[in-house]
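Each remark here refers to the structure printed beneath this line.
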Amino acid sequence: MRAMLAAMILLTSGQLAQAQSTPPTTAGAKAKQAATVPIRPAVQAPADTANAMPQAERLALQSDLAWVGEYNGAITGDVSERMVAAIKEYQKAKGGKQTGVLNPQERSELAETARRRQENAGWKIVTDTVTGARLGIPTKLVPQQSSDANGSKWSSPTGTIQILLSRRKQAGPSTAKLADEEKKQPGRSIDYTVVKADFFVLSGLQGLKKFYIRGTFKGDEVRTMSILYDQATENTVEPVVIAMSSAFNAFPSGQQLGPPPRRTVDYGTGVVVSEDGAIVADRETTEACIAIAIPGFGNADRIADDKEHGLALLHVYGARELKPLALGNGAAASSVEITGIADPQNQGGGNAASSVKAQAAQLGGAGDAALSPAPGLGFSGAAALDGSGKFAGIALLKPVIVAGASTTAATSQAVLVSPDTVREFLKAHGVNANGTSSDAKAAAVRVICVRK
């Protein structure tokens with residue numbers, strides 16, 4: 001009985017299930033087939049399509065869009081609404097459908113157009129030999145180049161386009177502080193500002209020219225790229241500006257080229273060599289000065305320099321009680337005593353003359369010698385005497401850039417310019433070196449160079 005009841009329950013359950021799964025029909029009517037709705041695949045957003053590209057392709061795409069004048073953002077490879085909008089604008093300009101995604105033909109045409117424009121501008125990635133910064137230069141637009149110890153300049157023949165790369169030392173820099181300093185420059189009207197932790201960007205008008213500035217710092221060294229151009233050249237230059245901003249690498253890894261930038265105020269030592277005010281000093285210390293001061297004796301003029309050996313000839317006028325050093329006929333020595341006036345930061349703001357000992361090793365056949373250890377800052381231009389107290393040459397500090405380090409980590413070496421070279425330099429410029437004193441401290445003077 002129980003088995004029969006169980007069988008009936010299973011049978012009834014199966015019939016109910018079948019009844020629930022079969023739609024009801026009316027007598028005499030034909031069953032209708034259920035309507036089917038096609039499933040369409042979801043359309044991928046343009047930004048998603050771009051994000052699916054390799055990083056290198058996204059970078060190339062942004063760069064090419066910048067070169068055709070459609071993209072004006074940072075070339076980072078990051079996908080943004082600005083990038084998608086630039087693609088649509090390019091498609092619109094070409095008469096195509098504004099999808100925000102380039103088809104293979106459009107991408108090929110864009111790349112070719114960008115390539116031609118780069119070629120027309122003479123686009124090259126260069127490493128500046130003065131600052132060590134890496135940047136892109138439109139060499140056909142700015143074929144003229146000049147440099148000094150603080151940077152480089154490229155310009156067009158008429159000066160309508162100028163690119164300035166500069167560096168300087170500044171205590172405690174920050175991008176906000178640097179941006180504020182640039183904004184306050186006379187004649188500037190700012191219309192765009194970006195300040196990040198590691199760089200700043202400004203653009204606007206400077207007089208009648210448009211300008212773009214990008215700057216950054218590392219340690220206490222500031223490096224800035226400035227682009228100035230006439231408004232009439234805007235259509236030509238602005239696509240290049242975007243590319244230059246992206247290519248600018250102020251502190252590339254690896255060896256940093258060139259000597260450290262000159263300070264706004266530089267200190268060195270001079271040696272009085274005649275009673276009428278002739279002073280021998282370091283050429284580099286006294287380069288590009290708007291004023292050279294000799295404390296206690298007034299301002300000095302730079303009369304001549306010797307680029308090969310690093311010497312400079314200064315002259316103070318109307319000075320009294322000068323005590324010129326006897327240059328005599330002393331020869332190069334292997335052991336010397338260098339007498340100079342250390343940088344004021346190294347002696348608590350003082351200006352006392354002091355002496356240090358060093359060993360001199362001849363450098364080839366030039367007559368100059370390498371000094372070890374190198375004396376401290378402020379000693380460049382100091383006199384060296386041999387063991388018998390005779391003049392043995394002029395000590396000059398030379399910076400050495402260490403591969404893989406920034407210029408702020410540069411070490412120094414020192415060279416000793418031979419007595420014969422010093423005497424010949426003075427003779428060539430009509431200086432009667434009539435000193436009779438062997439007191440190097442009495443003949444040492446501090447040399448202060450003030451720059452812009």
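Order determines the names: the first chain of the structure tokens is A, the second B, and so forth; residues in each chain are numbered 1 upward, and ligands are numbered 1 upward as they are shown.
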For this session: Please provide the set of residues having any atom within 12 Å of Phe217 in chain A, restricted to only C-alpha atoms, with same-chain residues fewer than 4 positions apart removed, written as a PyMOL selection string.
Result: chain A and resi 133+166-179+196-200+221-225+249-251+406-408
May I have the residues from that selection written out with C-alpha atoms, as a compact mmCIF listing (two decimals), in the first residue's frame?
```txt
# COMPACT_ATOMS: atom_id res chain seq x y z
CA ALA A 133 69.58 68.10 -19.31
CA SER A 166 69.20 77.57 -17.65
CA ARG A 167 70.33 76.34 -14.27
CA ARG A 168 71.25 77.96 -11.00
CA LYS A 169 71.86 77.22 -7.36
CA GLN A 170 69.11 78.16 -4.90
CA ALA A 171 68.77 77.36 -1.23
CA GLY A 172 65.65 75.42 -0.26
CA PRO A 173 63.78 75.51 -3.58
CA SER A 174 60.20 74.31 -4.07
CA THR A 175 58.12 74.26 -7.23
CA ALA A 176 55.59 76.67 -5.70
CA LYS A 177 58.34 79.12 -4.79
CA LEU A 178 59.98 78.83 -8.21
CA ALA A 179 56.68 79.36 -10.01
CA LYS A 196 53.14 69.84 -9.02
CA ALA A 197 55.50 68.54 -6.36
CA ASP A 198 58.22 67.80 -8.91
CA PHE A 199 57.71 70.42 -11.64
CA PHE A 200 55.86 73.59 -12.59
CA GLU A 221 70.02 73.05 -8.33
CA VAL A 222 67.17 74.51 -10.39
CA ARG A 223 66.82 73.76 -14.12
CA THR A 224 64.37 75.61 -16.32
CA MET A 225 63.38 75.46 -19.99
CA ASN A 249 64.29 65.64 -18.79
CA ALA A 250 66.11 68.07 -16.53
CA PHE A 251 68.00 65.43 -14.54
CA SER A 406 73.97 64.94 -9.89
CA THR A 407 76.11 68.03 -10.16
CA THR A 408 75.27 68.84 -6.57
```
For this session: Extract, using only C-alpha atoms, all DNA, RNA and protein residues at most 12 Å from Ser334 in chain A, discarding same-chain residues fewer than 3 positions from it, and format them as a PyMOL selection string.
Result: chain A and resi 331+337+357-363+368-372+384-387+392-393+416+418
For the residues in that selection, give me C-alpha atoms as a compact mmCIF listing (two decimals), in the first residue's frame.
```txt
# COMPACT_ATOMS: atom_id res chain seq x y z
CA ALA A 331 110.31 76.32 -10.28
CA GLU A 337 102.04 75.27 0.82
CA LYS A 357 99.85 71.75 2.41
CA ALA A 358 99.54 69.64 -0.73
CA GLN A 359 101.53 67.35 -3.01
CA ALA A 360 101.98 68.25 -6.67
CA ALA A 361 102.26 65.65 -9.46
CA GLN A 362 103.18 66.79 -12.95
CA LEU A 363 100.50 66.55 -15.66
CA ASP A 368 100.95 72.22 -14.72
CA ALA A 369 100.54 69.75 -11.85
CA ALA A 370 97.69 68.02 -10.02
CA LEU A 371 97.34 68.93 -6.36
CA SER A 372 96.34 66.48 -3.65
CA ALA A 384 101.65 78.18 -3.72
CA LEU A 385 105.15 78.34 -2.24
CA ASP A 386 107.75 75.61 -2.20
CA GLY A 387 109.65 74.36 0.85
CA ALA A 392 105.68 77.64 -7.03
CA GLY A 393 102.54 78.58 -8.96
CA LEU A 416 98.86 74.03 -9.94
CA SER A 418 103.42 76.60 -13.15
```
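You can rank A:Ala47, A:Val237, A:Met83, A:Ile213 by their closest distance to Asn120 in chain A using only C-alpha atoms, and at the top of that list sits A:Val237.
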Problem set entry | Within 7 Å of range 242-245 of chain A using only C-alpha atoms, minus same-chain residues under 3 positions, as a PyMOL selection string | chain A and resi 63+66+72+135-136+238-239+248
Residues near range 101-114 of chain A, cut-off 12 Å, only C-alpha atoms, skip fewer than 2 positions along chain, as a short mmCIF file (atom, residue, chain, number, x, y, z; two decimals) with N, CA and C atoms, in the first residue's frame:
```cif
data_model
loop_
_atom_site.label_atom_id
_atom_site.label_comp_id
_atom_site.auth_asym_id
_atom_site.auth_seq_id
_atom_site.Cartn_x
_atom_site.Cartn_y
_atom_site.Cartn_z
N VAL A 43 29.12 48.06 -26.89
CA VAL A 43 30.08 48.88 -27.62
C VAL A 43 31.16 49.35 -26.65
N GLN A 44 32.43 49.13 -26.99
CA GLN A 44 33.53 49.51 -26.10
C GLN A 44 33.78 51.00 -26.20
N ALA A 45 33.92 51.65 -25.06
CA ALA A 45 34.17 53.08 -25.04
C ALA A 45 35.54 53.39 -25.64
N PRO A 46 35.70 54.57 -26.28
CA PRO A 46 36.99 54.92 -26.87
C PRO A 46 38.14 54.87 -25.86
N ALA A 47 37.86 55.33 -24.63
CA ALA A 47 38.92 55.32 -23.61
C ALA A 47 39.35 53.89 -23.30
N ASP A 48 38.41 52.95 -23.27
CA ASP A 48 38.75 51.55 -23.00
C ASP A 48 39.59 50.97 -24.14
N THR A 49 39.24 51.37 -25.37
CA THR A 49 40.03 50.91 -26.53
C THR A 49 41.46 51.41 -26.43
N ALA A 50 41.61 52.68 -26.05
CA ALA A 50 42.95 53.25 -25.94
C ALA A 50 43.73 52.59 -24.80
N ASN A 51 43.05 52.34 -23.70
CA ASN A 51 43.74 51.71 -22.56
C ASN A 51 44.20 50.29 -22.88
N ALA A 52 43.58 49.67 -23.85
CA ALA A 52 43.98 48.31 -24.23
C ALA A 52 45.24 48.31 -25.09
N MET A 53 45.66 49.50 -25.56
CA MET A 53 46.88 49.59 -26.37
C MET A 53 48.11 49.44 -25.48
N GLU A 57 52.47 52.55 -27.72
CA GLU A 57 51.56 53.03 -28.75
C GLU A 57 50.76 54.23 -28.27
N ARG A 58 50.37 54.23 -27.00
CA ARG A 58 49.64 55.39 -26.46
C ARG A 58 50.53 56.63 -26.46
N ALA A 60 53.06 57.20 -28.49
CA ALA A 60 53.23 57.60 -29.88
C ALA A 60 51.98 58.30 -30.40
N LEU A 61 50.81 57.81 -30.00
CA LEU A 61 49.56 58.42 -30.45
C LEU A 61 49.42 59.84 -29.92
N GLN A 62 49.70 60.03 -28.63
CA GLN A 62 49.63 61.38 -28.07
C GLN A 62 50.62 62.32 -28.74
N SER A 63 51.84 61.83 -28.95
CA SER A 63 52.86 62.65 -29.60
C SER A 63 52.44 63.04 -31.01
N ASP A 64 51.91 62.09 -31.77
CA ASP A 64 51.50 62.39 -33.14
C ASP A 64 50.33 63.37 -33.16
N LEU A 65 49.38 63.22 -32.23
CA LEU A 65 48.27 64.16 -32.15
C LEU A 65 48.75 65.57 -31.79
N ALA A 66 49.78 65.63 -30.94
CA ALA A 66 50.35 66.94 -30.59
C ALA A 66 51.00 67.59 -31.81
N TRP A 67 51.70 66.79 -32.60
CA TRP A 67 52.40 67.34 -33.75
C TRP A 67 51.45 67.82 -34.85
N VAL A 68 50.22 67.31 -34.90
CA VAL A 68 49.27 67.82 -35.88
C VAL A 68 48.39 68.92 -35.28
N GLY A 69 48.67 69.31 -34.04
CA GLY A 69 47.99 70.44 -33.43
C GLY A 69 46.66 70.14 -32.78
N GLU A 70 46.34 68.88 -32.53
CA GLU A 70 45.06 68.53 -31.94
C GLU A 70 45.15 68.26 -30.43
N MET A 83 42.54 63.40 -24.57
CA MET A 83 43.11 62.59 -25.64
C MET A 83 42.02 62.08 -26.59
N VAL A 84 40.91 61.59 -26.03
CA VAL A 84 39.81 61.11 -26.87
C VAL A 84 39.23 62.25 -27.70
N ALA A 85 39.08 63.44 -27.07
CA ALA A 85 38.57 64.60 -27.79
C ALA A 85 39.51 64.98 -28.94
N ALA A 86 40.82 64.85 -28.71
CA ALA A 86 41.79 65.16 -29.76
C ALA A 86 41.64 64.21 -30.94
N ILE A 87 41.40 62.93 -30.66
CA ILE A 87 41.19 61.96 -31.74
C ILE A 87 39.95 62.33 -32.55
N LYS A 88 38.88 62.70 -31.86
CA LYS A 88 37.65 63.08 -32.56
C LYS A 88 37.85 64.33 -33.41
N GLU A 89 38.60 65.30 -32.89
CA GLU A 89 38.87 66.52 -33.66
C GLU A 89 39.69 66.20 -34.91
N TYR A 90 40.65 65.29 -34.76
CA TYR A 90 41.43 64.89 -35.93
C TYR A 90 40.53 64.21 -36.96
N GLN A 91 39.64 63.32 -36.51
CA GLN A 91 38.72 62.65 -37.43
C GLN A 91 37.79 63.66 -38.11
N LYS A 92 37.34 64.64 -37.34
CA LYS A 92 36.47 65.68 -37.91
C LYS A 92 37.21 66.48 -38.98
N ALA A 93 38.46 66.85 -38.69
CA ALA A 93 39.24 67.62 -39.66
C ALA A 93 39.49 66.84 -40.94
N LYS A 94 39.54 65.51 -40.83
CA LYS A 94 39.78 64.66 -42.01
C LYS A 94 38.47 64.26 -42.69
N GLY A 95 37.33 64.74 -42.17
CA GLY A 95 36.05 64.41 -42.77
C GLY A 95 35.55 63.02 -42.42
N GLY A 96 36.06 62.41 -41.39
CA GLY A 96 35.66 61.07 -40.99
C GLY A 96 34.63 61.08 -39.88
N LYS A 97 34.18 59.90 -39.52
CA LYS A 97 33.22 59.74 -38.43
C LYS A 97 33.95 59.90 -37.10
N GLN A 98 33.35 60.71 -36.21
CA GLN A 98 34.03 61.02 -34.95
C GLN A 98 33.74 59.94 -33.90
N THR A 99 34.50 58.86 -34.00
CA THR A 99 34.30 57.72 -33.10
C THR A 99 35.18 57.79 -31.86
N ARG A 116 56.31 63.95 -41.00
CA ARG A 116 56.71 65.03 -41.92
C ARG A 116 56.92 66.34 -41.17
N ARG A 117 56.05 66.62 -40.20
CA ARG A 117 56.18 67.87 -39.45
C ARG A 117 57.42 67.86 -38.56
N GLN A 118 57.74 66.71 -37.99
CA GLN A 118 58.98 66.60 -37.21
C GLN A 118 60.19 66.84 -38.11
N GLU A 119 60.14 66.27 -39.28
CA GLU A 119 61.24 66.43 -40.23
C GLU A 119 61.38 67.88 -40.67
N ASN A 120 60.24 68.54 -40.92
CA ASN A 120 60.28 69.95 -41.32
C ASN A 120 60.84 70.84 -40.23
N ALA A 121 60.58 70.48 -38.97
CA ALA A 121 61.10 71.27 -37.84
C ALA A 121 62.53 70.91 -37.49
N TRP A 123 63.42 68.10 -35.84
CA TRP A 123 63.29 67.62 -34.46
C TRP A 123 64.40 66.64 -34.10
N PRO A 239 52.59 73.34 -31.54
CA PRO A 239 52.73 71.87 -31.52
C PRO A 239 54.11 71.41 -31.07
N VAL A 240 55.14 72.21 -31.40
CA VAL A 240 56.50 71.87 -30.99
C VAL A 240 56.66 72.04 -29.48
N ALA A 243 55.55 68.96 -27.65
CA ALA A 243 56.55 67.89 -27.79
C ALA A 243 57.77 68.18 -26.93
#
```
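Interatomic distance, CA of Arg188 in chain A to CA of Ile227 in chain A: 13.3 Å.
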Problem set entry | 10 Å contact set for range 282-293 of chain A, only C-alpha atoms, chain neighbours under 4 positions out, as a ChimeraX atom specification | /A:148-150,262-271,297-302,304-314,316,378-382,394-398,446-452
Limited to C-alpha atoms, could you put the picked residues into a file as an mmCIF file, in the first residue's frame?
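Okay, again_20.cif is ready:
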```cif
data_model
loop_
_atom_site.group_PDB
_atom_site.id
_atom_site.type_symbol
_atom_site.label_atom_id
_atom_site.label_comp_id
_atom_site.auth_asym_id
_atom_site.auth_seq_id
_atom_site.Cartn_x
_atom_site.Cartn_y
_atom_site.Cartn_z
ATOM 1 C CA ASP A 148 77.761 79.859 -21.158
ATOM 2 C CA ALA A 149 78.386 78.165 -17.829
ATOM 3 C CA ASN A 150 74.777 78.686 -16.709
ATOM 4 C CA ARG A 262 78.020 79.526 -11.194
ATOM 5 C CA ARG A 263 76.719 81.020 -8.024
ATOM 6 C CA THR A 264 75.175 84.487 -7.836
ATOM 7 C CA VAL A 265 78.033 85.485 -5.535
ATOM 8 C CA ASP A 266 81.335 83.641 -5.935
ATOM 9 C CA TYR A 267 84.409 83.819 -3.723
ATOM 10 C CA GLY A 268 88.009 83.204 -4.687
ATOM 11 C CA THR A 269 91.534 84.313 -3.859
ATOM 12 C CA GLY A 270 93.711 86.756 -5.760
ATOM 13 C CA VAL A 271 97.458 87.321 -5.560
ATOM 14 C CA PHE A 297 90.732 97.983 -1.932
ATOM 15 C CA GLY A 298 87.524 98.614 -3.904
ATOM 16 C CA ASN A 299 86.263 97.261 -7.190
ATOM 17 C CA ALA A 300 88.505 95.619 -9.789
ATOM 18 C CA ASP A 301 88.445 95.441 -13.576
ATOM 19 C CA ARG A 302 89.191 92.202 -15.379
ATOM 20 C CA ALA A 304 92.674 89.794 -19.525
ATOM 21 C CA ASP A 305 92.306 86.053 -19.189
ATOM 22 C CA ASP A 306 94.072 82.868 -20.264
ATOM 23 C CA LYS A 307 91.460 80.284 -21.204
ATOM 24 C CA GLU A 308 93.985 77.506 -21.694
ATOM 25 C CA HIS A 309 95.494 77.771 -18.226
ATOM 26 C CA GLY A 310 92.538 79.265 -16.309
ATOM 27 C CA LEU A 311 94.138 82.531 -15.220
ATOM 28 C CA ALA A 312 92.645 86.036 -15.057
ATOM 29 C CA LEU A 313 94.312 89.416 -14.678
ATOM 30 C CA LEU A 314 92.508 91.936 -12.464
ATOM 31 C CA VAL A 316 92.438 97.814 -8.811
ATOM 32 C CA GLY A 378 87.625 80.050 -1.823
ATOM 33 C CA PHE A 379 91.229 78.948 -2.406
ATOM 34 C CA SER A 380 90.983 78.988 -6.194
ATOM 35 C CA GLY A 381 93.543 81.548 -7.384
ATOM 36 C CA ALA A 382 95.772 81.206 -4.309
ATOM 37 C CA ILE A 394 98.798 79.377 -8.703
ATOM 38 C CA ALA A 395 96.316 76.801 -7.366
ATOM 39 C CA LEU A 396 93.006 76.490 -9.227
ATOM 40 C CA LEU A 397 90.007 74.375 -8.226
ATOM 41 C CA LYS A 398 88.412 72.333 -11.015
ATOM 42 C CA ARG A 446 89.643 87.960 -1.382
ATOM 43 C CA VAL A 447 87.989 88.203 -4.789
ATOM 44 C CA ILE A 448 84.188 88.551 -4.821
ATOM 45 C CA CYS A 449 82.297 88.108 -8.081
ATOM 46 C CA VAL A 450 78.676 89.287 -8.226
ATOM 47 C CA ARG A 451 76.516 87.922 -11.048
ATOM 48 C CA LYS A 452 72.942 88.493 -12.104
#
```
Contact check, range 230-307 of chain A to range 427-435 of chain A, at most 10 Å, counting only C-alpha atoms, closest pairs as JSON lines:
```
{"residue": "A:Val272", "atom": "CA", "partner": "A:Gly435", "partner_atom": "CA", "distance": 8.4}
{"residue": "A:Val273", "atom": "CA", "partner": "A:Ala433", "partner_atom": "CA", "distance": 5.3}
{"residue": "A:Ser274", "atom": "CA", "partner": "A:Ala433", "partner_atom": "CA", "distance": 5.1}
{"residue": "A:Glu275", "atom": "CA", "partner": "A:Asn434", "partner_atom": "CA", "distance": 7.2}
{"residue": "A:Asp276", "atom": "CA", "partner": "A:Asn432", "partner_atom": "CA", "distance": 9.1}
{"residue": "A:Gly277", "atom": "CA", "partner": "A:Val431", "partner_atom": "CA", "distance": 9.9}
{"residue": "A:Ala278", "atom": "CA", "partner": "A:Val431", "partner_atom": "CA", "distance": 7.2}
{"residue": "A:Ile279", "atom": "CA", "partner": "A:Val431", "partner_atom": "CA", "distance": 9.7}
{"residue": "A:Ile303", "atom": "CA", "partner": "A:His429", "partner_atom": "CA", "distance": 8.6}
{"residue": "A:Ala304", "atom": "CA", "partner": "A:His429", "partner_atom": "CA", "distance": 7.6}
{"residue": "A:Asp305", "atom": "CA", "partner": "A:His429", "partner_atom": "CA", "distance": 9.6}
```
Exercise. Between CA of Lys210 in chain A and CA of Gly187 in chain A, what is the distance, to one decimal in Å?
Worked result: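 Result for CA of Lys210 in chain A versus CA of Gly187 in chain A: 11.3 Å, one decimal.
Proximity of A:Ala443, A:Val195, A:Ile341, A:Ile161 to Glu234 in chain A, computed with only C-alpha atoms, is greatest for A:Ile161.
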Exercise. Using the chain letters and numbers from this document, which residues of range 40-200 of chain A does DSSP assign to strand (DSSP E or B), as a VMD selection string?
Worked result: chain A and resid 123 to 127 134 to 138 144 to 148 151 to 155 161 to 169 188 to 195 200
Deliver the residues from the most recent selection as a file, using C-alpha atoms, as an mmCIF file, in the first residue's frame.
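After the write, part_3.cif holds the following:
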```cif
data_model
loop_
_atom_site.group_PDB
_atom_site.id
_atom_site.type_symbol
_atom_site.label_atom_id
_atom_site.label_comp_id
_atom_site.auth_asym_id
_atom_site.auth_seq_id
_atom_site.Cartn_x
_atom_site.Cartn_y
_atom_site.Cartn_z
ATOM 1 C CA TRP A 123 63.291 67.618 -34.463
ATOM 2 C CA LYS A 124 66.166 66.078 -32.513
ATOM 3 C CA ILE A 125 66.550 64.809 -28.953
ATOM 4 C CA VAL A 126 69.805 66.248 -27.584
ATOM 5 C CA THR A 127 71.725 66.262 -24.320
ATOM 6 C CA ARG A 134 67.941 66.191 -22.183
ATOM 7 C CA LEU A 135 65.435 67.927 -24.434
ATOM 8 C CA GLY A 136 63.948 68.004 -27.915
ATOM 9 C CA ILE A 137 65.071 70.825 -30.191
ATOM 10 C CA PRO A 138 63.455 71.897 -33.514
ATOM 11 C CA GLN A 144 71.647 79.330 -33.883
ATOM 12 C CA GLN A 145 73.067 78.089 -30.578
ATOM 13 C CA SER A 146 75.170 79.694 -27.860
ATOM 14 C CA SER A 147 76.149 78.637 -24.333
ATOM 15 C CA ASP A 148 77.761 79.859 -21.158
ATOM 16 C CA GLY A 151 72.945 77.293 -19.713
ATOM 17 C CA SER A 152 72.314 77.240 -23.451
ATOM 18 C CA LYS A 153 70.234 79.178 -25.946
ATOM 19 C CA TRP A 154 68.799 78.276 -29.340
ATOM 20 C CA SER A 155 67.221 80.929 -31.541
ATOM 21 C CA ILE A 161 61.737 82.023 -31.669
ATOM 22 C CA GLN A 162 64.035 81.449 -28.690
ATOM 23 C CA ILE A 163 64.647 78.431 -26.467
ATOM 24 C CA LEU A 164 66.505 79.032 -23.208
ATOM 25 C CA LEU A 165 67.842 76.289 -20.960
ATOM 26 C CA SER A 166 69.198 77.571 -17.649
ATOM 27 C CA ARG A 167 70.330 76.341 -14.267
ATOM 28 C CA ARG A 168 71.254 77.964 -11.004
ATOM 29 C CA LYS A 169 71.862 77.220 -7.355
ATOM 30 C CA ARG A 188 54.766 88.789 -17.842
ATOM 31 C CA SER A 189 51.059 88.075 -18.035
ATOM 32 C CA ILE A 190 50.194 84.529 -16.917
ATOM 33 C CA ASP A 191 47.254 82.662 -18.443
ATOM 34 C CA TYR A 192 48.104 79.061 -17.492
ATOM 35 C CA THR A 193 49.723 77.596 -14.368
ATOM 36 C CA VAL A 194 50.417 74.056 -13.220
ATOM 37 C CA VAL A 195 52.361 73.424 -10.011
ATOM 38 C CA PHE A 200 55.856 73.592 -12.589
#
```
Exercise. As a PyMOL selection string, which residues of range 226-446 of chain A does DSSP assign to alpha helix (DSSP H)?
Worked result: chain A and resi 234-247+419-428+440-443
Could the residues in this selection be saved with C-alpha atoms as a CSV table (one decimal), in the first residue's frame?
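Output (result.csv):
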```csv
chain,number,residue,atom,x,y,z
A,234,GLU,CA,52.0,80.5,-33.0
A,235,ASN,CA,50.6,77.9,-35.4
A,236,THR,CA,54.1,76.6,-36.1
A,237,VAL,CA,55.6,76.7,-32.7
A,238,GLU,CA,52.8,75.5,-30.3
A,239,PRO,CA,52.7,71.9,-31.5
A,240,VAL,CA,56.5,71.9,-31.0
A,241,VAL,CA,56.1,73.3,-27.5
A,242,ILE,CA,53.9,70.3,-26.5
A,243,ALA,CA,56.5,67.9,-27.8
A,244,MET,CA,59.4,69.8,-26.1
A,245,SER,CA,57.6,69.8,-22.7
A,246,SER,CA,57.2,66.0,-22.9
A,247,ALA,CA,60.8,65.4,-24.0
A,419,PRO,CA,105.4,79.7,-12.2
A,420,ASP,CA,106.7,80.1,-15.8
A,421,THR,CA,103.1,80.1,-17.2
A,422,VAL,CA,102.1,82.8,-14.7
A,423,ARG,CA,105.1,85.0,-15.5
A,424,GLU,CA,104.5,84.6,-19.2
A,425,PHE,CA,100.9,85.5,-18.8
A,426,LEU,CA,101.7,88.7,-16.9
A,427,LYS,CA,104.5,89.7,-19.3
A,428,ALA,CA,102.2,89.2,-22.3
A,440,ALA,CA,102.0,85.0,0.8
A,441,LYS,CA,99.4,86.0,3.3
A,442,ALA,CA,100.1,89.7,2.9
A,443,ALA,CA,99.7,89.3,-0.9
```
Exercise. Any idea what's packed within 7 Å of Leu377 in chain A, counting only C-alpha atoms, ignoring anything in its chain fewer than 2 positions away? Could you give it as a PyMOL selection string?
Worked result: chain A and resi 342-343+375+379
Exercise. So what do you get for CA of Leu327 in chain A versus CA of Phe391 in chain A, distance-wise?
Worked result: 5.4 Å
Problem set entry | Residue contacts of Thr160 in chain A (7 Å, only C-alpha atoms) excluding same-chain residues fewer than 2 positions away, as a ChimeraX atom specification | /A:156,158,162,229-230
